[in-house]
$ cat start-v2.cif   # mmCIF, C-alpha atoms and all ligand atoms; chains and numbers go by the auth columns
data_work
loop_
_atom_site.group_PDB
_atom_site.id
_atom_site.type_symbol
_atom_site.label_atom_id
_atom_site.label_comp_id
_atom_site.label_asym_id
_atom_site.label_seq_id
_atom_site.Cartn_x
_atom_site.Cartn_y
_atom_site.Cartn_z
_atom_site.B_iso_or_equiv
_atom_site.auth_seq_id
_atom_site.auth_asym_id
ATOM 1 C CA MET A 1 89.741 97.701 117.872 0.00 1 A
ATOM 2 C CA THR A 2 87.872 97.309 121.162 0.00 2 A
ATOM 3 C CA LYS A 3 87.051 93.741 122.106 0.00 3 A
ATOM 4 C CA LEU A 4 83.389 92.827 121.658 0.00 4 A
ATOM 5 C CA SER A 5 81.486 91.085 124.425 0.00 5 A
ATOM 6 C CA LYS A 6 79.635 87.833 123.766 0.00 6 A
ATOM 7 C CA LEU A 7 76.343 89.744 123.583 0.00 7 A
ATOM 8 C CA GLN A 8 77.776 92.216 121.074 0.00 8 A
ATOM 9 C CA LYS A 9 78.979 89.298 118.951 0.00 9 A
ATOM 10 C CA PHE A 10 75.512 87.691 119.065 0.00 10 A
ATOM 11 C CA ALA A 11 74.020 90.984 117.926 0.00 11 A
ATOM 12 C CA ALA A 12 76.665 91.432 115.227 0.00 12 A
ATOM 13 C CA ILE A 13 76.215 88.026 113.575 0.00 13 A
ATOM 14 C CA LYS A 14 72.532 88.816 113.100 0.00 14 A
ATOM 15 C CA THR A 15 73.629 91.507 110.639 0.00 15 A
ATOM 16 C CA PHE A 16 76.267 89.420 108.839 0.00 16 A
ATOM 17 C CA PRO A 17 75.175 88.451 105.309 0.00 17 A
ATOM 18 C CA ASN A 18 77.075 85.153 105.607 0.00 18 A
ATOM 19 C CA VAL A 19 75.269 83.961 108.771 0.00 19 A
ATOM 20 C CA TYR A 20 71.812 82.408 109.177 0.00 20 A
ATOM 21 C CA SER A 21 70.431 81.642 112.628 0.00 21 A
ATOM 22 C CA SER A 22 67.803 79.035 113.408 0.00 22 A
ATOM 23 C CA LYS A 23 64.691 80.799 114.671 0.00 23 A
ATOM 24 C CA SER A 24 64.119 78.228 117.398 0.00 24 A
ATOM 25 C CA HIS A 25 65.140 74.650 118.073 0.00 25 A
ATOM 26 C CA ASP A 26 61.899 73.246 116.696 0.00 26 A
ATOM 27 C CA SER A 27 61.380 75.479 113.672 0.00 27 A
ATOM 28 C CA ASN A 28 62.547 74.981 110.120 0.00 28 A
ATOM 29 C CA LEU A 29 62.934 78.733 109.703 0.00 29 A
ATOM 30 C CA VAL A 30 66.179 80.665 109.845 0.00 30 A
ATOM 31 C CA VAL A 31 66.615 84.401 110.241 0.00 31 A
ATOM 32 C CA ASN A 32 68.746 86.172 107.660 0.00 32 A
ATOM 33 C CA SER A 33 70.840 89.351 108.006 0.00 33 A
ATOM 34 C CA ASN A 34 67.815 91.555 107.273 0.00 34 A
ATOM 35 C CA GLY A 35 65.970 90.013 110.212 0.00 35 A
ATOM 36 C CA VAL A 36 63.643 88.191 107.818 0.00 36 A
ATOM 37 C CA ASP A 37 62.459 84.645 108.556 0.00 37 A
ATOM 38 C CA MET A 38 63.131 82.306 105.672 0.00 38 A
ATOM 39 C CA ASP A 39 63.120 78.644 104.748 0.00 39 A
ATOM 40 C CA ILE A 40 66.613 77.978 103.414 0.00 40 A
ATOM 41 C CA LYS A 41 66.236 74.211 103.065 0.00 41 A
ATOM 42 C CA GLY A 42 67.064 73.193 99.489 0.00 42 A
ATOM 43 C CA LYS A 43 67.977 76.786 98.613 0.00 43 A
ATOM 44 C CA TRP A 44 71.597 77.207 99.710 0.00 44 A
ATOM 45 C CA ASN A 45 72.493 77.584 96.037 0.00 45 A
ATOM 46 C CA GLU A 46 70.497 80.851 96.089 0.00 46 A
ATOM 47 C CA HIS A 47 72.689 82.170 98.901 0.00 47 A
ATOM 48 C CA PHE A 48 75.859 81.286 96.983 0.00 48 A
ATOM 49 C CA ASN A 49 74.393 82.207 93.598 0.00 49 A
ATOM 50 C CA ASN A 50 75.631 78.983 92.023 0.00 50 A
ATOM 51 C CA ASP A 51 75.047 75.235 92.063 0.00 51 A
ATOM 52 C CA ALA A 52 78.517 74.212 93.289 0.00 52 A
ATOM 53 C CA PRO A 53 78.764 71.219 95.646 0.00 53 A
ATOM 54 C CA LEU A 54 77.767 72.080 99.222 0.00 54 A
ATOM 55 C CA ILE A 55 80.068 70.843 101.973 0.00 55 A
ATOM 56 C CA LEU A 56 79.379 71.176 105.708 0.00 56 A
ATOM 57 C CA GLU A 57 81.652 71.511 108.694 0.00 57 A
ATOM 58 C CA VAL A 58 79.600 70.463 111.725 0.00 58 A
ATOM 59 C CA ALA A 59 80.437 71.531 115.283 0.00 59 A
ATOM 60 C CA CYS A 60 82.545 74.026 113.355 0.00 60 A
ATOM 61 C CA GLY A 61 83.466 76.388 116.197 0.00 61 A
ATOM 62 C CA LYS A 62 85.269 79.228 114.439 0.00 62 A
ATOM 63 C CA GLY A 63 84.961 77.441 111.103 0.00 63 A
ATOM 64 C CA HIS A 64 88.608 76.766 110.370 0.00 64 A
ATOM 65 C CA TYR A 65 87.783 73.826 108.092 0.00 65 A
ATOM 66 C CA ALA A 66 84.943 75.567 106.283 0.00 66 A
ATOM 67 C CA ARG A 67 87.229 78.540 105.593 0.00 67 A
ATOM 68 C CA GLY A 68 90.402 76.539 104.943 0.00 68 A
ATOM 69 C CA LEU A 69 88.673 74.211 102.500 0.00 69 A
ATOM 70 C CA GLY A 70 86.914 77.191 100.932 0.00 70 A
ATOM 71 C CA LYS A 71 90.310 78.665 100.061 0.00 71 A
ATOM 72 C CA MET A 72 91.736 75.333 98.924 0.00 72 A
ATOM 73 C CA TYR A 73 88.735 74.468 96.755 0.00 73 A
ATOM 74 C CA PRO A 74 87.163 77.726 95.571 0.00 74 A
ATOM 75 C CA SER A 75 84.754 75.893 93.271 0.00 75 A
ATOM 76 C CA ASN A 76 82.882 74.343 96.230 0.00 76 A
ATOM 77 C CA ASN A 77 80.572 76.010 98.756 0.00 77 A
ATOM 78 C CA TYR A 78 81.019 75.545 102.514 0.00 78 A
ATOM 79 C CA VAL A 79 78.665 76.016 105.464 0.00 79 A
ATOM 80 C CA GLY A 80 79.836 75.803 109.072 0.00 80 A
ATOM 81 C CA VAL A 81 77.133 74.576 111.478 0.00 81 A
ATOM 82 C CA GLU A 82 77.613 75.608 115.088 0.00 82 A
ATOM 83 C CA LEU A 83 75.586 76.397 118.170 0.00 83 A
ATOM 84 C CA LYS A 84 77.687 79.118 119.762 0.00 84 A
ATOM 85 C CA GLY A 85 77.225 82.556 118.234 0.00 85 A
ATOM 86 C CA ASN A 86 80.457 84.018 119.568 0.00 86 A
ATOM 87 C CA ARG A 87 82.492 81.283 117.838 0.00 87 A
ATOM 88 C CA ILE A 88 80.604 81.813 114.586 0.00 88 A
ATOM 89 C CA TRP A 89 81.311 85.537 114.891 0.00 89 A
ATOM 90 C CA THR A 90 85.059 84.932 114.694 0.00 90 A
ATOM 91 C CA GLY A 91 84.890 82.771 111.565 0.00 91 A
ATOM 92 C CA ALA A 92 82.183 84.756 109.824 0.00 92 A
ATOM 93 C CA ASN A 93 83.874 88.082 110.546 0.00 93 A
ATOM 94 C CA GLN A 94 87.160 86.847 109.046 0.00 94 A
ATOM 95 C CA ALA A 95 85.330 85.340 106.060 0.00 95 A
ATOM 96 C CA LEU A 96 83.630 88.678 105.377 0.00 96 A
ATOM 97 C CA LYS A 97 86.862 90.648 105.733 0.00 97 A
ATOM 98 C CA ASN A 98 88.598 88.320 103.266 0.00 98 A
ATOM 99 C CA ASN A 99 85.696 88.216 100.782 0.00 99 A
ATOM 100 C CA GLU A 100 85.336 84.448 101.178 0.00 100 A
ATOM 101 C CA GLU A 101 82.134 84.279 99.192 0.00 101 A
ATOM 102 C CA ASN A 102 81.965 80.483 99.131 0.00 102 A
ATOM 103 C CA VAL A 103 81.731 80.259 102.953 0.00 103 A
ATOM 104 C CA ALA A 104 78.654 80.760 105.156 0.00 104 A
ATOM 105 C CA PHE A 105 77.560 79.805 108.661 0.00 105 A
ATOM 106 C CA LEU A 106 74.405 78.392 110.176 0.00 106 A
ATOM 107 C CA ARG A 107 73.745 78.832 113.874 0.00 107 A
ATOM 108 C CA ALA A 108 71.790 75.680 114.699 0.00 108 A
ATOM 109 C CA ARG A 109 71.973 72.338 116.432 0.00 109 A
ATOM 110 C CA ILE A 110 73.379 69.523 114.308 0.00 110 A
ATOM 111 C CA GLU A 111 70.478 67.295 115.474 0.00 111 A
ATOM 112 C CA PHE A 112 68.060 69.498 113.505 0.00 112 A
ATOM 113 C CA MET A 113 70.050 69.733 110.280 0.00 113 A
ATOM 114 C CA GLU A 114 67.231 68.161 108.305 0.00 114 A
ATOM 115 C CA TYR A 115 65.209 71.353 108.894 0.00 115 A
ATOM 116 C CA TYR A 116 67.815 73.391 107.057 0.00 116 A
ATOM 117 C CA PHE A 117 69.227 71.075 104.368 0.00 117 A
ATOM 118 C CA ALA A 118 67.169 69.112 101.865 0.00 118 A
ATOM 119 C CA ARG A 119 67.634 65.468 100.970 0.00 119 A
ATOM 120 C CA GLU A 120 70.770 65.109 98.844 0.00 120 A
ATOM 121 C CA GLU A 121 71.575 68.815 99.121 0.00 121 A
ATOM 122 C CA VAL A 122 74.917 68.103 100.826 0.00 122 A
ATOM 123 C CA ALA A 123 77.945 66.537 99.120 0.00 123 A
ATOM 124 C CA GLU A 124 80.278 66.057 102.098 0.00 124 A
ATOM 125 C CA ILE A 125 80.405 66.529 105.854 0.00 125 A
ATOM 126 C CA TRP A 126 83.458 67.303 107.975 0.00 126 A
ATOM 127 C CA ILE A 127 83.143 66.657 111.723 0.00 127 A
ATOM 128 C CA THR A 128 86.020 68.498 113.318 0.00 128 A
ATOM 129 C CA PHE A 129 87.093 67.885 116.908 0.00 129 A
ATOM 130 C CA PRO A 130 83.587 67.379 118.288 0.00 130 A
ATOM 131 C CA ASP A 131 83.129 67.023 122.035 0.00 131 A
ATOM 132 C CA PRO A 132 83.846 63.305 122.651 0.00 132 A
ATOM 133 C CA GLN A 133 80.907 63.175 125.096 0.00 133 A
ATOM 134 C CA LEU A 134 82.628 60.635 127.324 0.00 134 A
ATOM 135 C CA GLY A 135 79.996 58.554 129.085 0.00 135 A
ATOM 136 C CA LYS A 136 77.224 59.904 126.817 0.00 136 A
ATOM 137 C CA PRO A 137 77.415 57.822 123.610 0.00 137 A
ATOM 138 C CA LYS A 138 73.957 58.968 122.450 0.00 138 A
ATOM 139 C CA LYS A 139 75.230 62.544 122.251 0.00 139 A
ATOM 140 C CA ARG A 140 78.294 61.756 120.129 0.00 140 A
ATOM 141 C CA THR A 141 78.304 63.281 116.668 0.00 141 A
ATOM 142 C CA THR A 142 79.024 59.866 115.140 0.00 142 A
ATOM 143 C CA CYS A 143 76.341 57.896 117.035 0.00 143 A
ATOM 144 C CA PRO A 144 73.719 56.082 114.912 0.00 144 A
ATOM 145 C CA ARG A 145 71.157 58.889 115.438 0.00 145 A
ATOM 146 C CA PHE A 146 73.535 61.511 114.044 0.00 146 A
ATOM 147 C CA LEU A 147 74.610 59.254 111.165 0.00 147 A
ATOM 148 C CA ASP A 148 70.922 59.031 110.192 0.00 148 A
ATOM 149 C CA VAL A 149 70.679 62.825 110.202 0.00 149 A
ATOM 150 C CA TYR A 150 73.727 63.030 107.911 0.00 150 A
ATOM 151 C CA ARG A 151 72.306 60.310 105.622 0.00 151 A
ATOM 152 C CA ASN A 152 69.107 62.311 105.249 0.00 152 A
ATOM 153 C CA VAL A 153 70.889 65.365 103.834 0.00 153 A
ATOM 154 C CA LEU A 154 73.831 63.773 101.990 0.00 154 A
ATOM 155 C CA ARG A 155 73.844 62.889 98.318 0.00 155 A
ATOM 156 C CA LYS A 156 73.289 59.197 97.751 0.00 156 A
ATOM 157 C CA ASP A 157 76.344 58.838 95.499 0.00 157 A
ATOM 158 C CA ASN A 158 79.948 59.877 96.134 0.00 158 A
ATOM 159 C CA ASN A 159 79.167 61.332 99.549 0.00 159 A
ATOM 160 C CA LEU A 160 81.995 61.564 102.045 0.00 160 A
ATOM 161 C CA VAL A 161 82.084 62.014 105.805 0.00 161 A
ATOM 162 C CA HIS A 162 85.310 63.015 107.543 0.00 162 A
ATOM 163 C CA LEU A 163 86.034 62.829 111.259 0.00 163 A
ATOM 164 C CA LYS A 164 89.124 64.533 112.670 0.00 164 A
ATOM 165 C CA THR A 165 89.595 64.082 116.418 0.00 165 A
ATOM 166 C CA ASP A 166 92.165 63.890 119.196 0.00 166 A
ATOM 167 C CA SER A 167 89.943 61.531 121.207 0.00 167 A
ATOM 168 C CA ASP A 168 90.894 57.829 121.298 0.00 168 A
ATOM 169 C CA GLU A 169 87.481 57.035 122.759 0.00 169 A
ATOM 170 C CA LEU A 170 85.547 58.811 120.014 0.00 170 A
ATOM 171 C CA TYR A 171 87.785 57.348 117.305 0.00 171 A
ATOM 172 C CA GLN A 172 87.353 53.763 118.595 0.00 172 A
ATOM 173 C CA TYR A 173 83.639 54.280 119.206 0.00 173 A
ATOM 174 C CA THR A 174 83.165 55.576 115.656 0.00 174 A
ATOM 175 C CA LEU A 175 85.034 52.593 114.185 0.00 175 A
ATOM 176 C CA GLU A 176 82.719 50.270 116.154 0.00 176 A
ATOM 177 C CA VAL A 177 79.560 52.056 114.941 0.00 177 A
ATOM 178 C CA LEU A 178 80.794 52.010 111.335 0.00 178 A
ATOM 179 C CA ASN A 179 81.664 48.317 111.542 0.00 179 A
ATOM 180 C CA GLU A 180 78.291 47.483 113.136 0.00 180 A
ATOM 181 C CA GLN A 181 76.506 49.348 110.342 0.00 181 A
ATOM 182 C CA LYS A 182 78.782 47.775 107.685 0.00 182 A
ATOM 183 C CA ILE A 183 79.724 51.241 106.516 0.00 183 A
ATOM 184 C CA ASN A 184 82.479 51.565 103.944 0.00 184 A
ATOM 185 C CA ILE A 185 85.564 53.039 105.637 0.00 185 A
ATOM 186 C CA LEU A 186 87.736 54.583 102.941 0.00 186 A
ATOM 187 C CA TYR A 187 90.634 55.657 105.131 0.00 187 A
ATOM 188 C CA GLN A 188 91.628 55.437 108.783 0.00 188 A
ATOM 189 C CA ASN A 189 94.716 56.732 110.538 0.00 189 A
ATOM 190 C CA ASP A 190 95.193 57.015 114.293 0.00 190 A
ATOM 191 C CA ASP A 191 98.216 59.346 114.057 0.00 191 A
ATOM 192 C CA ILE A 192 98.046 61.453 110.911 0.00 192 A
ATOM 193 C CA TYR A 193 101.157 63.538 111.577 0.00 193 A
ATOM 194 C CA SER A 194 103.422 60.506 112.136 0.00 194 A
ATOM 195 C CA LYS A 195 104.177 60.483 108.395 0.00 195 A
ATOM 196 C CA PRO A 196 103.609 62.784 105.403 0.00 196 A
ATOM 197 C CA LEU A 197 99.911 63.600 105.111 0.00 197 A
ATOM 198 C CA ASP A 198 97.920 61.458 102.714 0.00 198 A
ATOM 199 C CA PHE A 199 95.468 64.281 101.930 0.00 199 A
ATOM 200 C CA PRO A 200 96.359 67.987 101.654 0.00 200 A
ATOM 201 C CA GLU A 201 93.121 68.951 103.478 0.00 201 A
ATOM 202 C CA LEU A 202 94.432 67.363 106.654 0.00 202 A
ATOM 203 C CA ASP A 203 96.963 70.150 106.962 0.00 203 A
ATOM 204 C CA ILE A 204 94.191 72.604 107.914 0.00 204 A
ATOM 205 C CA LYS A 205 94.263 73.033 111.688 0.00 205 A
ATOM 206 C CA THR A 206 91.340 74.138 113.812 0.00 206 A
ATOM 207 C CA PHE A 207 91.413 76.185 117.000 0.00 207 A
ATOM 208 C CA TYR A 208 90.964 73.064 119.148 0.00 208 A
ATOM 209 C CA GLU A 209 93.439 71.055 117.109 0.00 209 A
ATOM 210 C CA GLU A 210 96.156 73.651 117.713 0.00 210 A
ATOM 211 C CA MET A 211 95.542 73.300 121.470 0.00 211 A
ATOM 212 C CA HIS A 212 95.649 69.484 121.289 0.00 212 A
ATOM 213 C CA LEU A 213 98.920 69.606 119.383 0.00 213 A
ATOM 214 C CA ILE A 214 100.469 71.820 122.070 0.00 214 A
ATOM 215 C CA ASP A 215 99.410 69.095 124.546 0.00 215 A
ATOM 216 C CA ASN A 216 101.187 66.485 122.343 0.00 216 A
ATOM 217 C CA ARG A 217 97.968 64.627 121.600 0.00 217 A
ATOM 218 C CA THR A 218 97.859 62.466 118.476 0.00 218 A
ATOM 219 C CA ILE A 219 95.356 63.441 115.806 0.00 219 A
ATOM 220 C CA LYS A 220 93.154 60.799 114.250 0.00 220 A
ATOM 221 C CA TYR A 221 91.216 60.833 110.984 0.00 221 A
ATOM 222 C CA LEU A 222 88.481 58.684 109.481 0.00 222 A
ATOM 223 C CA ARG A 223 86.946 58.997 106.019 0.00 223 A
ATOM 224 C CA PHE A 224 83.837 57.033 105.125 0.00 224 A
ATOM 225 C CA THR A 225 80.746 57.045 102.919 0.00 225 A
ATOM 226 C CA LEU A 226 77.183 56.784 104.177 0.00 226 A
HETATM 227 C C1 LIG B . 85.460 71.031 120.892 0.00 301 K
HETATM 228 S S1 LIG B . 84.647 72.266 119.983 0.00 301 K
HETATM 229 C C2 LIG B . 85.431 72.137 118.376 0.00 301 K
HETATM 230 C C3 LIG B . 85.222 73.379 117.546 0.00 301 K
HETATM 231 C C4 LIG B . 85.974 73.368 116.209 0.00 301 K
HETATM 232 N N1 LIG B . 85.510 72.325 115.349 0.00 301 K
HETATM 233 C C5 LIG B . 87.453 73.260 116.440 0.00 301 K
HETATM 234 O O1 LIG B . 88.013 72.195 116.191 0.00 301 K
HETATM 235 O O2 LIG B . 88.049 74.265 116.843 0.00 301 K
HETATM 236 C C6 LIG B . 83.077 71.528 119.689 0.00 301 K
HETATM 237 C C7 LIG B . 82.061 72.498 119.145 0.00 301 K
HETATM 238 O O3 LIG B . 80.854 71.812 118.888 0.00 301 K
HETATM 239 C C8 LIG B . 79.776 72.697 119.176 0.00 301 K
HETATM 240 N N2 LIG B . 78.588 71.858 119.415 0.00 301 K
HETATM 241 C C9 LIG B . 78.425 70.950 120.404 0.00 301 K
HETATM 242 N N3 LIG B . 77.225 70.340 120.287 0.00 301 K
HETATM 243 C C10 LIG B . 76.631 70.879 119.188 0.00 301 K
HETATM 244 C C11 LIG B . 75.381 70.664 118.548 0.00 301 K
HETATM 245 N N4 LIG B . 74.519 69.770 119.018 0.00 301 K
HETATM 246 N N5 LIG B . 75.089 71.385 117.444 0.00 301 K
HETATM 247 C C12 LIG B . 75.966 72.306 116.970 0.00 301 K
HETATM 248 N N6 LIG B . 77.185 72.543 117.528 0.00 301 K
HETATM 249 C C13 LIG B . 77.505 71.853 118.637 0.00 301 K
HETATM 250 C C14 LIG B . 80.243 73.448 120.411 0.00 301 K
HETATM 251 O O4 LIG B . 79.541 74.658 120.572 0.00 301 K
HETATM 252 C C15 LIG B . 81.723 73.636 120.090 0.00 301 K
HETATM 253 O O5 LIG B . 81.985 74.862 119.434 0.00 301 K
#
$ encode --input "start-v2.cif" --output "structure tokens" --more "lines below"
Ligand SMILES: C[S@@+](CC[C@H](N)C(=O)[O-])C[C@H]1O[C@@H](n2cnc3c(N)ncnc32)[C@H](O)[C@@H]1O
Amino acid sequence: MTKLSKLQKFAAIKTFPNVYSSKSHDSNLVVNSNGVDMDIKGKWNEHFNNDAPLILEVACGKGHYARGLGKMYPSNNYVGVELKGNRIWTGANQALKNNEENVAFLRARIEFMEYYFAREEVAEIWITFPDPQLGKPKKRTTCPRFLDVYRNVLRKDNNLVHLKTDSDELYQYTLEVLNEQKINILYQNDDIYSKPLDFPELDIKTFYEEMHLIDNRTIKYLRFTL
């Protein structure tokens, strides 16, 4: 198959039934695969045709966690949230080819998630290898502003947030924010592959994680409730 350019991938995802794209950064509307504007907030169950728990992978890139978890736990629904259309194309294209009906993608900025997910619509959030934003703490995906965004869409009970990262700085920063906010840390491990994995989900590896492992970086994991 000929390789698609970035522009061709942007055009293609607009026709994918498993991808919704935010209309603009300050609009609560998304555009579906028929080119129709819609308000999907509170209605993800209509996309999936069931009321299964909804779990997000934010900064999902190619959506390795959304897809990997979707296979591991077919009775849950997964949405990967990502800004870059060409990365979404890769994950969404594979998900379509493999009939992964419990996986979808949203092209949007994490900051504006409250436009697209209702209060308590989300059961869990995975943050996978986000940019550590060295020197820019206010842009980190675990800074207080982002935690508030997650709180506003997560269920009040039994919610879980997972952070998987190779970055010492982001890991330490996140521990500090969680401690400051007296947030319940359920699990922390600064070198998950140094011993047998404590959770089977941690065996899923993302595109960036594979690169970090080649560079012999240690992988860290935090699990907490908000
Ligand atoms: C280092 S990559 C990790 C991608 C993927 N999780 C992985 O591990 O392969 C970080 C991703 O976050 C996305 N990203 C950064 N800021 C974002 C934002 N504000 N909203 C949505 N996605 C964002 C980038 O486009 C990029 O794909």
$ closest_residue --input "start-v2.cif" --among "A:Thr165, A:Asp198, A:Asp203, A:Asn77" --to "Glu100 (chain A)" --atoms "only C-alpha atoms"
A:Asn77
$ atom_distance --input "start-v2.cif" --atom1 "CA of Arg119 (chain A)" --atom2 "CA of Lys84 (chain A)"
25.3 Å
$ resolve_selection --input "start-v2.cif" --expression "the PyMOL selection byres (((not hetatm)) within 8 of (chain K and resi 301))" --output "PyMOL selection string"
chain A and resi 57-65+81-84+87+107-111+127-131+139+141+205-209
$ write_last_selection --input "start-v2.cif" --atoms "C-alpha atoms" --output "PDB file, keeping the file's coordinate frame"
ATOM      1  CA  GLU A  57      81.652  71.511 108.694  1.00  0.00           C
ATOM      2  CA  VAL A  58      79.600  70.463 111.725  1.00  0.00           C
ATOM      3  CA  ALA A  59      80.437  71.531 115.283  1.00  0.00           C
ATOM      4  CA  CYS A  60      82.545  74.026 113.355  1.00  0.00           C
ATOM      5  CA  GLY A  61      83.466  76.388 116.197  1.00  0.00           C
ATOM      6  CA  LYS A  62      85.269  79.228 114.439  1.00  0.00           C
ATOM      7  CA  GLY A  63      84.961  77.441 111.103  1.00  0.00           C
ATOM      8  CA  HIS A  64      88.608  76.766 110.370  1.00  0.00           C
ATOM      9  CA  TYR A  65      87.783  73.826 108.092  1.00  0.00           C
ATOM     10  CA  VAL A  81      77.133  74.576 111.478  1.00  0.00           C
ATOM     11  CA  GLU A  82      77.613  75.608 115.088  1.00  0.00           C
ATOM     12  CA  LEU A  83      75.586  76.397 118.170  1.00  0.00           C
ATOM     13  CA  LYS A  84      77.687  79.118 119.762  1.00  0.00           C
ATOM     14  CA  ARG A  87      82.492  81.283 117.838  1.00  0.00           C
ATOM     15  CA  ARG A 107      73.745  78.832 113.874  1.00  0.00           C
ATOM     16  CA  ALA A 108      71.790  75.680 114.699  1.00  0.00           C
ATOM     17  CA  ARG A 109      71.973  72.338 116.432  1.00  0.00           C
ATOM     18  CA  ILE A 110      73.379  69.523 114.308  1.00  0.00           C
ATOM     19  CA  GLU A 111      70.478  67.295 115.474  1.00  0.00           C
ATOM     20  CA  ILE A 127      83.143  66.657 111.723  1.00  0.00           C
ATOM     21  CA  THR A 128      86.020  68.498 113.318  1.00  0.00           C
ATOM     22  CA  PHE A 129      87.093  67.885 116.908  1.00  0.00           C
ATOM     23  CA  PRO A 130      83.587  67.379 118.288  1.00  0.00           C
ATOM     24  CA  ASP A 131      83.129  67.023 122.035  1.00  0.00           C
ATOM     25  CA  LYS A 139      75.230  62.544 122.251  1.00  0.00           C
ATOM     26  CA  THR A 141      78.304  63.281 116.668  1.00  0.00           C
ATOM     27  CA  LYS A 205      94.263  73.033 111.688  1.00  0.00           C
ATOM     28  CA  THR A 206      91.340  74.138 113.812  1.00  0.00           C
ATOM     29  CA  PHE A 207      91.413  76.185 117.000  1.00  0.00           C
ATOM     30  CA  TYR A 208      90.964  73.064 119.148  1.00  0.00           C
ATOM     31  CA  GLU A 209      93.439  71.055 117.109  1.00  0.00           C
TER      32      GLU A 209
END
$ residues_around --input "start-v2.cif" --residues "Ser75 (chain A)" --least-positions-apart "3" --cutoff "12 Å" --atoms "all atoms listed in the file" --output "list in words"
Phe48, Asn50, Asp51, Ala52, Pro53, Leu54, Ile55, Leu69, Gly70, Lys71, Met72, Tyr78, Glu100, Glu101, Asn102 and Val103 of chain A
$ residues_around --input "start-v2.cif" --residues "region 31-44 of chain A" --least-positions-apart "3" --cutoff "7 Å" --atoms "only C-alpha atoms" --output "count of residues only"
17
$ atom_distance --input "start-v2.cif" --atom1 "CA of Leu106 (chain A)" --atom2 "CA of Gly80 (chain A)"
6.1 Å
$ closest_residue --input "start-v2.cif" --among "A:Ala104, A:Met113, A:Leu170, A:Leu163" --to "Pro132 (chain A)" --atoms "all atoms listed in the file"
A:Leu170
$ resolve_selection --input "start-v2.cif" --expression "the PyMOL selection byres (((chain A and resi 137) around 12) and not hetatm)" --output "PyMOL selection string"
chain A and resi 131-136+138-146+169-170+172-174+176-177
$ atom_distance --input "start-v2.cif" --atom1 "CA of Glu120 (chain A)" --atom2 "CA of Asn158 (chain A)"
10.9 Å
